[in-house]
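Asker: Contents of start-v4.csv (CSV, C-alpha atoms) are below:
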```csv
chain,number,residue,atom,x,y,z
Z,15,MET,CA,45.0,168.7,-221.0
Z,16,SER,CA,41.3,169.4,-221.9
Z,17,ASP,CA,39.7,170.3,-225.1
Z,18,ALA,CA,39.7,173.9,-223.9
Z,19,VAL,CA,43.5,174.1,-223.8
Z,20,THR,CA,46.0,172.7,-226.2
Z,21,LEU,CA,49.8,172.5,-226.0
Z,22,ILE,CA,51.8,172.0,-229.2
Z,23,ARG,CA,55.6,171.6,-229.1
Z,24,GLU,CA,57.0,172.8,-232.3
Z,25,ASP,CA,60.3,171.6,-233.9
Z,26,SER,CA,61.8,175.0,-233.2
Z,27,GLY,CA,61.5,174.4,-229.5
Z,28,LEU,CA,58.6,176.9,-229.1
Z,29,ALA,CA,55.7,175.5,-227.1
Z,30,VAL,CA,52.4,177.1,-228.0
Z,31,VAL,CA,49.5,177.0,-225.4
Z,32,THR,CA,46.2,177.9,-227.0
Z,33,PHE,CA,42.9,178.6,-225.1
Z,34,ASP,CA,39.8,177.8,-227.1
Z,35,SER,CA,36.6,177.6,-225.1
Z,36,PRO,CA,33.8,179.4,-227.0
Z,37,PRO,CA,32.2,181.8,-226.8
Z,38,VAL,CA,34.6,183.9,-224.6
Z,39,ASN,CA,37.1,181.6,-223.0
Z,40,LEU,CA,35.7,181.8,-219.5
Z,41,PHE,CA,37.7,180.3,-216.7
Z,42,ASP,CA,35.8,177.3,-215.5
Z,43,ALA,CA,36.7,173.8,-214.2
Z,44,ARG,CA,37.4,172.6,-217.7
Z,45,LEU,CA,39.7,175.4,-218.7
Z,46,ALA,CA,41.4,175.4,-215.2
Z,47,ALA,CA,42.2,171.7,-215.6
Z,48,GLY,CA,43.6,172.3,-219.0
Z,49,LEU,CA,45.8,175.2,-217.9
Z,50,LYS,CA,47.1,173.2,-214.9
Z,51,ALA,CA,47.9,170.2,-217.1
Z,52,ALA,CA,49.7,172.4,-219.7
Z,53,VAL,CA,51.8,174.2,-217.1
Z,54,GLY,CA,52.7,170.9,-215.5
Z,55,ASP,CA,53.8,169.6,-218.8
Z,56,LEU,CA,55.9,172.7,-219.5
Z,57,ALA,CA,57.6,172.4,-216.1
Z,58,GLY,CA,58.3,168.8,-216.6
Z,59,GLU,CA,59.9,169.1,-220.0
Z,60,ARG,CA,61.4,172.5,-220.6
Z,61,PRO,CA,60.8,174.1,-224.0
Z,62,ARG,CA,63.0,176.8,-225.5
Z,63,ALA,CA,60.2,179.4,-225.2
Z,64,VAL,CA,56.4,179.5,-224.5
Z,65,LEU,CA,53.7,181.4,-226.3
Z,66,PHE,CA,50.3,181.7,-224.6
Z,67,ARG,CA,47.5,182.7,-227.1
Z,68,ALA,CA,43.8,182.3,-227.5
Z,69,GLU,CA,41.3,181.7,-230.2
Z,70,GLY,CA,38.0,183.6,-230.5
Z,71,ARG,CA,36.9,187.2,-230.5
Z,72,VAL,CA,38.4,187.8,-227.0
Z,73,PHE,CA,41.4,186.4,-225.2
Z,74,THR,CA,39.1,185.8,-222.2
Z,75,GLY,CA,36.0,187.4,-220.8
Z,76,GLY,CA,37.2,186.4,-217.3
Z,77,VAL,CA,36.1,183.8,-214.8
Z,78,ASP,CA,32.8,181.9,-214.9
Z,79,VAL,CA,31.1,183.5,-211.8
Z,80,HIS,CA,29.4,180.1,-211.2
Z,81,GLU,CA,32.8,179.0,-209.9
Z,82,PHE,CA,32.5,181.5,-207.0
Z,83,ASP,CA,28.8,180.8,-206.4
Z,84,SER,CA,29.6,177.1,-205.8
Z,85,MET,CA,32.3,177.7,-203.1
Z,86,GLY,CA,30.9,176.7,-199.8
Z,87,SER,CA,33.4,178.2,-197.3
Z,88,PRO,CA,36.4,180.6,-197.0
Z,89,LYS,CA,38.7,177.5,-196.6
Z,90,GLU,CA,37.4,176.1,-199.9
Z,91,ALA,CA,38.1,179.5,-201.6
Z,92,GLU,CA,41.5,179.7,-200.1
Z,93,ARG,CA,42.4,176.2,-201.5
Z,94,TYR,CA,41.1,177.3,-204.9
Z,95,PHE,CA,43.2,180.4,-205.0
Z,96,ALA,CA,46.3,178.7,-203.6
Z,97,GLU,CA,46.2,176.3,-206.6
Z,98,LEU,CA,45.9,179.3,-209.0
Z,99,ILE,CA,48.8,181.0,-207.4
Z,100,GLU,CA,50.9,177.9,-207.7
Z,101,VAL,CA,50.1,177.8,-211.4
Z,102,ALA,CA,51.2,181.4,-211.9
Z,103,ASP,CA,54.3,180.9,-209.8
Z,104,THR,CA,55.2,177.8,-211.9
Z,105,VAL,CA,54.9,179.9,-215.1
Z,106,GLU,CA,57.0,182.7,-213.7
Z,107,ARG,CA,59.8,180.2,-212.8
Z,108,LEU,CA,59.9,178.3,-216.1
Z,109,PRO,CA,63.6,178.4,-217.1
Z,110,CYS,CA,62.8,179.9,-220.6
Z,111,PRO,CA,61.2,183.0,-222.0
Z,112,THR,CA,57.4,183.1,-221.7
Z,113,VAL,CA,55.2,185.4,-223.9
Z,114,LEU,CA,51.5,186.1,-223.7
Z,115,ALA,CA,49.9,187.4,-226.8
Z,116,ALA,CA,46.6,189.2,-226.1
Z,117,HIS,CA,44.8,189.9,-229.4
Z,118,ALA,CA,41.6,191.4,-227.8
Z,119,LEU,CA,39.9,191.8,-224.4
Z,120,CYS,CA,41.8,190.1,-221.6
Z,121,LEU,CA,40.3,190.0,-218.2
Z,122,THR,CA,41.0,188.5,-214.7
Z,123,TRP,CA,42.8,185.2,-214.9
Z,124,GLY,CA,44.1,186.0,-218.4
Z,125,PHE,CA,45.7,189.2,-217.3
Z,126,GLU,CA,47.1,187.5,-214.2
Z,127,LEU,CA,48.7,184.8,-216.3
Z,128,ALA,CA,50.1,187.6,-218.5
Z,129,MET,CA,51.7,189.2,-215.4
Z,130,ALA,CA,53.4,185.9,-214.6
Z,131,CYS,CA,55.0,185.8,-218.1
Z,132,ASP,CA,58.2,187.6,-219.1
Z,133,ILE,CA,56.7,189.4,-222.1
Z,134,LEU,CA,53.2,190.8,-222.7
Z,135,LEU,CA,52.3,191.6,-226.3
Z,136,ALA,CA,49.1,193.3,-227.2
Z,137,ALA,CA,47.1,194.1,-230.3
Z,138,GLU,CA,46.1,197.8,-230.6
Z,139,GLY,CA,42.5,196.9,-229.9
Z,140,ALA,CA,43.2,194.8,-226.8
Z,141,ARG,CA,41.8,195.9,-223.5
Z,142,PHE,CA,42.7,194.6,-220.0
Z,143,GLY,CA,41.1,194.5,-216.7
Z,144,LEU,CA,41.1,193.0,-213.2
Z,145,VAL,CA,37.4,193.4,-212.6
Z,146,GLU,CA,36.9,191.2,-209.5
Z,147,ALA,CA,35.8,194.2,-207.5
Z,148,ARG,CA,32.6,194.1,-209.4
Z,149,VAL,CA,31.6,191.0,-207.5
Z,150,GLY,CA,33.2,192.0,-204.2
Z,151,LEU,CA,36.4,190.1,-204.7
Z,152,THR,CA,40.1,191.0,-205.2
Z,153,PRO,CA,42.4,189.3,-207.7
Z,154,ALA,CA,43.8,186.1,-206.2
Z,155,MET,CA,46.2,184.7,-208.8
Z,156,GLY,CA,49.1,187.0,-208.1
Z,157,GLY,CA,48.1,189.6,-210.7
Z,158,THR,CA,47.9,192.6,-208.3
Z,159,GLN,CA,51.4,192.2,-206.9
Z,160,ARG,CA,52.9,191.4,-210.3
Z,161,LEU,CA,51.2,194.5,-211.8
Z,162,ALA,CA,52.7,196.6,-208.9
Z,163,GLU,CA,56.1,195.1,-209.8
Z,164,ARG,CA,55.8,196.5,-213.3
Z,165,ALA,CA,53.8,199.7,-212.8
Z,166,GLY,CA,54.1,200.6,-209.2
Z,167,THR,CA,51.6,200.3,-206.3
Z,168,GLY,CA,49.7,203.4,-207.2
Z,169,ARG,CA,48.8,202.1,-210.7
Z,170,ALA,CA,48.0,198.7,-209.3
Z,171,ARG,CA,45.5,200.3,-206.8
Z,172,GLU,CA,43.9,202.2,-209.7
Z,173,PHE,CA,43.7,199.2,-211.9
Z,174,VAL,CA,42.2,196.9,-209.3
Z,175,MET,CA,40.1,199.2,-207.3
Z,176,THR,CA,38.3,200.9,-210.2
Z,177,GLY,CA,37.6,197.5,-211.9
Z,178,GLY,CA,38.0,199.4,-215.2
Z,179,LEU,CA,39.2,198.5,-218.6
Z,180,PHE,CA,42.5,199.8,-219.8
Z,181,ASP,CA,43.7,199.9,-223.4
Z,182,ALA,CA,47.0,198.6,-224.7
Z,183,ALA,CA,48.5,202.0,-225.3
Z,184,THR,CA,47.9,203.0,-221.7
Z,185,LEU,CA,49.5,199.8,-220.3
Z,186,GLU,CA,52.4,200.2,-222.7
Z,187,ARG,CA,52.9,203.7,-221.2
Z,188,TRP,CA,52.8,202.1,-217.7
Z,189,ASP,CA,55.5,199.6,-218.7
Z,190,VAL,CA,53.0,196.7,-218.3
Z,191,VAL,CA,52.7,195.8,-222.0
Z,192,ASN,CA,56.0,195.3,-223.7
Z,193,ARG,CA,54.9,195.9,-227.3
Z,194,VAL,CA,51.7,196.9,-229.2
Z,195,TYR,CA,51.2,195.7,-232.7
Z,196,PRO,CA,48.5,196.6,-235.2
Z,197,ASP,CA,45.4,194.3,-235.0
Z,198,ALA,CA,45.8,193.0,-238.6
Z,199,GLU,CA,49.5,192.1,-238.0
Z,200,PHE,CA,49.2,190.9,-234.5
Z,201,ALA,CA,49.1,187.1,-235.0
Z,202,GLU,CA,52.1,187.0,-237.3
Z,203,ARG,CA,54.2,189.5,-235.4
Z,204,SER,CA,53.6,188.0,-231.9
Z,205,ARG,CA,54.5,184.5,-233.2
Z,206,THR,CA,57.6,185.9,-234.9
Z,207,PHE,CA,58.6,187.5,-231.6
Z,208,ALA,CA,58.2,184.3,-229.7
Z,209,GLU,CA,60.0,182.2,-232.3
Z,210,ARG,CA,62.9,184.6,-232.1
Z,211,LEU,CA,63.2,184.0,-228.4
Z,212,ALA,CA,62.9,180.2,-228.9
Z,213,ALA,CA,65.9,180.5,-231.4
Z,214,GLY,CA,68.0,182.2,-228.8
Z,215,PRO,CA,70.3,181.0,-226.0
Z,216,THR,CA,67.7,179.4,-223.8
Z,217,ARG,CA,70.1,178.7,-220.9
Z,218,ALA,CA,71.4,182.3,-220.9
Z,219,HIS,CA,67.8,183.5,-220.9
Z,220,ALA,CA,67.2,181.3,-217.8
Z,221,ALA,CA,70.2,182.9,-216.1
Z,222,THR,CA,68.8,186.3,-216.9
Z,223,LYS,CA,65.5,185.3,-215.2
Z,224,GLU,CA,67.3,184.0,-212.2
Z,225,ILE,CA,69.3,187.2,-211.8
Z,226,LEU,CA,66.1,189.4,-212.2
Z,227,ARG,CA,64.3,187.2,-209.7
Z,228,ALA,CA,67.1,187.8,-207.2
Z,229,TYR,CA,66.9,191.5,-207.8
Z,230,LEU,CA,63.2,191.6,-207.2
Z,231,GLU,CA,63.6,189.6,-204.0
Z,232,GLY,CA,66.6,191.5,-202.6
Z,233,GLY,CA,67.7,194.4,-204.8
Z,234,VAL,CA,71.1,194.8,-206.5
Z,235,ASP,CA,73.1,193.2,-203.7
Z,236,ALA,CA,71.0,190.0,-204.0
Z,237,ALA,CA,71.3,190.0,-207.8
Z,238,ASN,CA,75.1,190.5,-207.5
Z,239,ALA,CA,75.3,187.5,-205.2
Z,240,VAL,CA,73.9,185.1,-207.9
Z,241,THR,CA,75.3,186.7,-211.1
Z,242,ALA,CA,78.8,185.3,-211.1
Z,243,ARG,CA,77.6,181.8,-210.5
Z,244,SER,CA,74.7,182.1,-212.9
Z,245,ALA,CA,76.7,183.6,-215.7
Z,246,GLY,CA,79.7,181.4,-215.0
Z,247,SER,CA,77.6,178.2,-215.3
Z,248,LEU,CA,77.0,179.0,-219.0
Z,249,TRP,CA,80.5,177.8,-219.8
Z,250,ASP,CA,79.0,174.3,-219.1
Z,251,THR,CA,76.5,174.7,-222.0
Z,252,GLU,CA,77.0,173.9,-225.6
Z,253,ASP,CA,75.7,177.3,-226.8
Z,254,LEU,CA,78.2,179.7,-225.3
Z,255,PRO,CA,81.5,178.1,-226.4
Z,256,ARG,CA,80.1,177.5,-229.9
Z,257,ALA,CA,78.8,181.0,-230.2
Z,258,VAL,CA,82.1,182.5,-229.1
Z,259,LYS,CA,84.0,180.5,-231.7
Z,260,SER,CA,81.4,181.5,-234.3
Z,261,PHE,CA,81.7,185.1,-233.4
Z,262,LEU,CA,85.5,185.0,-233.7
Z,263,ALA,CA,85.4,183.1,-237.0
Z,264,ASP,CA,82.4,184.7,-238.8
Z,265,GLY,CA,81.5,187.8,-236.8
Z,266,PRO,CA,78.4,188.9,-234.8
Z,267,ASP,CA,75.0,187.3,-235.4
Z,268,SER,CA,76.5,184.2,-236.9
Z,269,ALA,CA,75.7,181.9,-233.9
Z,270,ARG,CA,72.9,179.3,-234.1
Z,271,PHE,CA,71.8,178.1,-230.7
Z,272,SER,CA,70.5,174.7,-229.7
Z,273,GLY,CA,69.2,175.6,-226.3
Z,274,ASN,CA,71.7,173.3,-224.5
```
Represent the structure contained in this file as structure tokens.
Answerer:
Amino acid sequence: MSDAVTLIREDSGLAVVTFDSPPVNLFDARLAAGLKAAVGDLAGERPRAVLFRAEGRVFTGGVDVHEFDSMGSPKEAERYFAELIEVADTVERLPCPTVLAAHALCLTWGFELAMACDILLAAEGARFGLVEARVGLTPAMGGTQRLAERAGTGRAREFVMTGGLFDAATLERWDVVNRVYPDAEFAERSRTFAERLAAGPTRAHAATKEILRAYLEGGVDAANAVTARSAGSLWDTEDLPRAVKSFLADGPDSARFSGN
């Protein structure tokens, strides 16, 4: 970890990753190292849910352009972007719910990280952009293709090629943002949302992610091929048998999950 990125594991099982690199949380070598370390830690010891958040007046102002100016060759750039893609892929494949809470402006790497998460929450005043075209680049952390997965290729082309800024309401309408909360309530409501996921059946959520990944890779038939095994494996957990007994004895919404 670096002082630009902190990871706190709470007693509830929620892991909170916070970006704090004033003034605008630019992605530079220090923040990159912190993000990679945090994601590696999350992959090594599974939490029950993850919340990505940021301090400051913006979530991020994007990438420190000095990072691009210092690259000496296409091969060097290729290695740099391959590492970023690996980070995003690791986040996407974490076997627990992942939430990104964008309280304000969220550009480039921050939005691409959001697209690797399961849930994107946004404050009403938040704005989003993949603005790499302004320096002659295309997004290279997987954000373009993950945006297309959510909103379609036409919207992805518009978003990336215009290099514009899009508000939270627009992206909610595009099915990119999951929920929009008032600015004054955002910190509390986004944390409550993540805590509710952390209190849920973590192993069942992991199965849901596995089934959806199979669907995205091969459609309904591919998802069908993994569903019986993935759902059936939940009988090896502590949560499902206990929740079934709780339901029969005390009714719905009586179960308390341990994540095991």
Asker: If we count only C-alpha atoms, what is near range 71-80 of chain Z at a cut-off of 6 Å, once residues fewer than 3 positions away on the same chain are taken out, given as a list in words?
Answerer: Val38, Asn39, Leu40, Phe41, Asp42, Ala68, Asp83, Ala116, Ala118, Leu119, Cys120, Leu121 and Thr122 of chain Z
Asker: Write a file of the selected residues as a PDB file, in the coordinates of the input, keeping C-alpha atoms.
Answerer:
```
ATOM      1  CA  VAL Z  38      34.600 183.900-224.600  1.00  0.00           C
ATOM      2  CA  ASN Z  39      37.100 181.600-223.000  1.00  0.00           C
ATOM      3  CA  LEU Z  40      35.700 181.800-219.500  1.00  0.00           C
ATOM      4  CA  PHE Z  41      37.700 180.300-216.700  1.00  0.00           C
ATOM      5  CA  ASP Z  42      35.800 177.300-215.500  1.00  0.00           C
ATOM      6  CA  ALA Z  68      43.800 182.300-227.500  1.00  0.00           C
ATOM      7  CA  ASP Z  83      28.800 180.800-206.400  1.00  0.00           C
ATOM      8  CA  ALA Z 116      46.600 189.200-226.100  1.00  0.00           C
ATOM      9  CA  ALA Z 118      41.600 191.400-227.800  1.00  0.00           C
ATOM     10  CA  LEU Z 119      39.900 191.800-224.400  1.00  0.00           C
ATOM     11  CA  CYS Z 120      41.800 190.100-221.600  1.00  0.00           C
ATOM     12  CA  LEU Z 121      40.300 190.000-218.200  1.00  0.00           C
ATOM     13  CA  THR Z 122      41.000 188.500-214.700  1.00  0.00           C
TER      14      THR Z 122
END
```
Asker: For range 106-110 of chain Z, please output as a PDB file with C-alpha atoms, in the coordinates of the input all residues within 6 Å (counting all atoms listed in the file; exclusion window: fewer than 3 positions along the same chain).
Answerer:
```
ATOM      1  CA  ARG Z  62      63.000 176.800-225.500  1.00  0.00           C
ATOM      2  CA  ALA Z  63      60.200 179.400-225.200  1.00  0.00           C
ATOM      3  CA  ASP Z 103      54.300 180.900-209.800  1.00  0.00           C
ATOM      4  CA  ALA Z 130      53.400 185.900-214.600  1.00  0.00           C
ATOM      5  CA  CYS Z 131      55.000 185.800-218.100  1.00  0.00           C
ATOM      6  CA  THR Z 216      67.700 179.400-223.800  1.00  0.00           C
ATOM      7  CA  ALA Z 220      67.200 181.300-217.800  1.00  0.00           C
TER       8      ALA Z 220
END
```
Asker: Would you work out the distance separating CA of Pro196 in chain Z from CA of Leu134 in chain Z, expressed in Å to one decimal?
Answerer: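 Interatomic distance, CA of Pro196 in chain Z to CA of Leu134 in chain Z: 14.6 Å.
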Asker: Give me, please, the distance in Å between CA of Asn238 in chain Z and CA of Ala128 in chain Z, quoted to one decimal.
Answerer: 27.5 Å
Asker: Mind pulling up the distance from CA of Ala183 in chain Z to CA of Leu135 in chain Z?
Answerer: 11.1 Å
Asker: Can you work out which one of Z:Leu65, Z:Met155, Z:Val190, Z:Val53 has the shortest atom-to-atom distance to Ala96 in chain Z, counting all atoms listed in the file?
Answerer: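 Closest residue, counting all atoms listed in the file: Z:Met155.
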Asker: With distances taken over only C-alpha atoms, which residue among Z:Ser87, Z:Ser26, Z:Ser268, Z:Thr222 lies nearest Ala237 in chain Z?
Answerer: Z:Thr222
Asker: Can you pull out every residue within 12 Å of Ala165 in chain Z, counting only C-alpha atoms, but drop anything in the same chain fewer than 6 positions away, and send it as a list of chain:residue names?
Answerer: Z:Met129, Z:Gly157, Z:Thr158, Z:Gln159, Z:Arg171, Z:Glu172, Z:Phe173, Z:Thr184, Z:Leu185, Z:Glu186, Z:Arg187, Z:Trp188, Z:Asp189, Z:Val190, Z:Val191, Z:Asn192
Asker: Restricting the output to C-alpha atoms, write the selected residues as a CSV table (one decimal), in the coordinates of the input.
Answerer:
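As written to disk, result24.csv reads:
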```csv
chain,number,residue,atom,x,y,z
Z,129,MET,CA,51.7,189.2,-215.4
Z,157,GLY,CA,48.1,189.6,-210.7
Z,158,THR,CA,47.9,192.6,-208.3
Z,159,GLN,CA,51.4,192.2,-206.9
Z,171,ARG,CA,45.5,200.3,-206.8
Z,172,GLU,CA,43.9,202.2,-209.7
Z,173,PHE,CA,43.7,199.2,-211.9
Z,184,THR,CA,47.9,203.0,-221.7
Z,185,LEU,CA,49.5,199.8,-220.3
Z,186,GLU,CA,52.4,200.2,-222.7
Z,187,ARG,CA,52.9,203.7,-221.2
Z,188,TRP,CA,52.8,202.1,-217.7
Z,189,ASP,CA,55.5,199.6,-218.7
Z,190,VAL,CA,53.0,196.7,-218.3
Z,191,VAL,CA,52.7,195.8,-222.0
Z,192,ASN,CA,56.0,195.3,-223.7
```
Asker: For range 243-247 of chain Z, work out the shell of residues within 8 Å, counting all atoms listed in the file and skipping chain neighbours fewer than 5 positions away, then give it as a list in words.
Answerer: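 The filter keeps Ala218, Ala221, Glu224 and Ile225 of chain Z.
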Asker: What's around Val145 in chain Z at 8 Å? Count all atoms listed in the file, leave out sequence neighbours fewer than 3 positions away in its own chain, and write the answer as a ChimeraX atom specification.
Answerer: /Z:121-122,148,174,176-178
Asker: Rank Z:Leu179, Z:Ala46, Z:Ala57, Z:Ala137 by their smallest atom-to-atom distance to Glu202 in chain Z, using all atoms listed in the file, and report the top residue only.
Answerer: Z:Ala137
Asker: Rank Z:Trp249, Z:Phe66, Z:Tyr195, Z:Phe125 by their smallest atom-to-atom distance to Asn274 in chain Z, using only C-alpha atoms, and report the top residue only.
Answerer: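 Once distances to Asn274 in chain Z are computed over only C-alpha atoms, the minimum belongs to Z:Trp249.
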Asker: For Phe180 in chain Z, which of Z:Leu144, Z:Ala198, Z:Ala51, Z:Leu21 is the closest residue, counting all atoms listed in the file?
Answerer: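 Of the candidates, the smallest distance to Phe180 in chain Z is held by Z:Leu144.
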Asker: Quick one: of Z:Ala269, Z:Leu49, Z:Leu28, Z:Ala239, who's nearest to Glu252 in chain Z, counting all atoms listed in the file?
Answerer: Z:Ala269
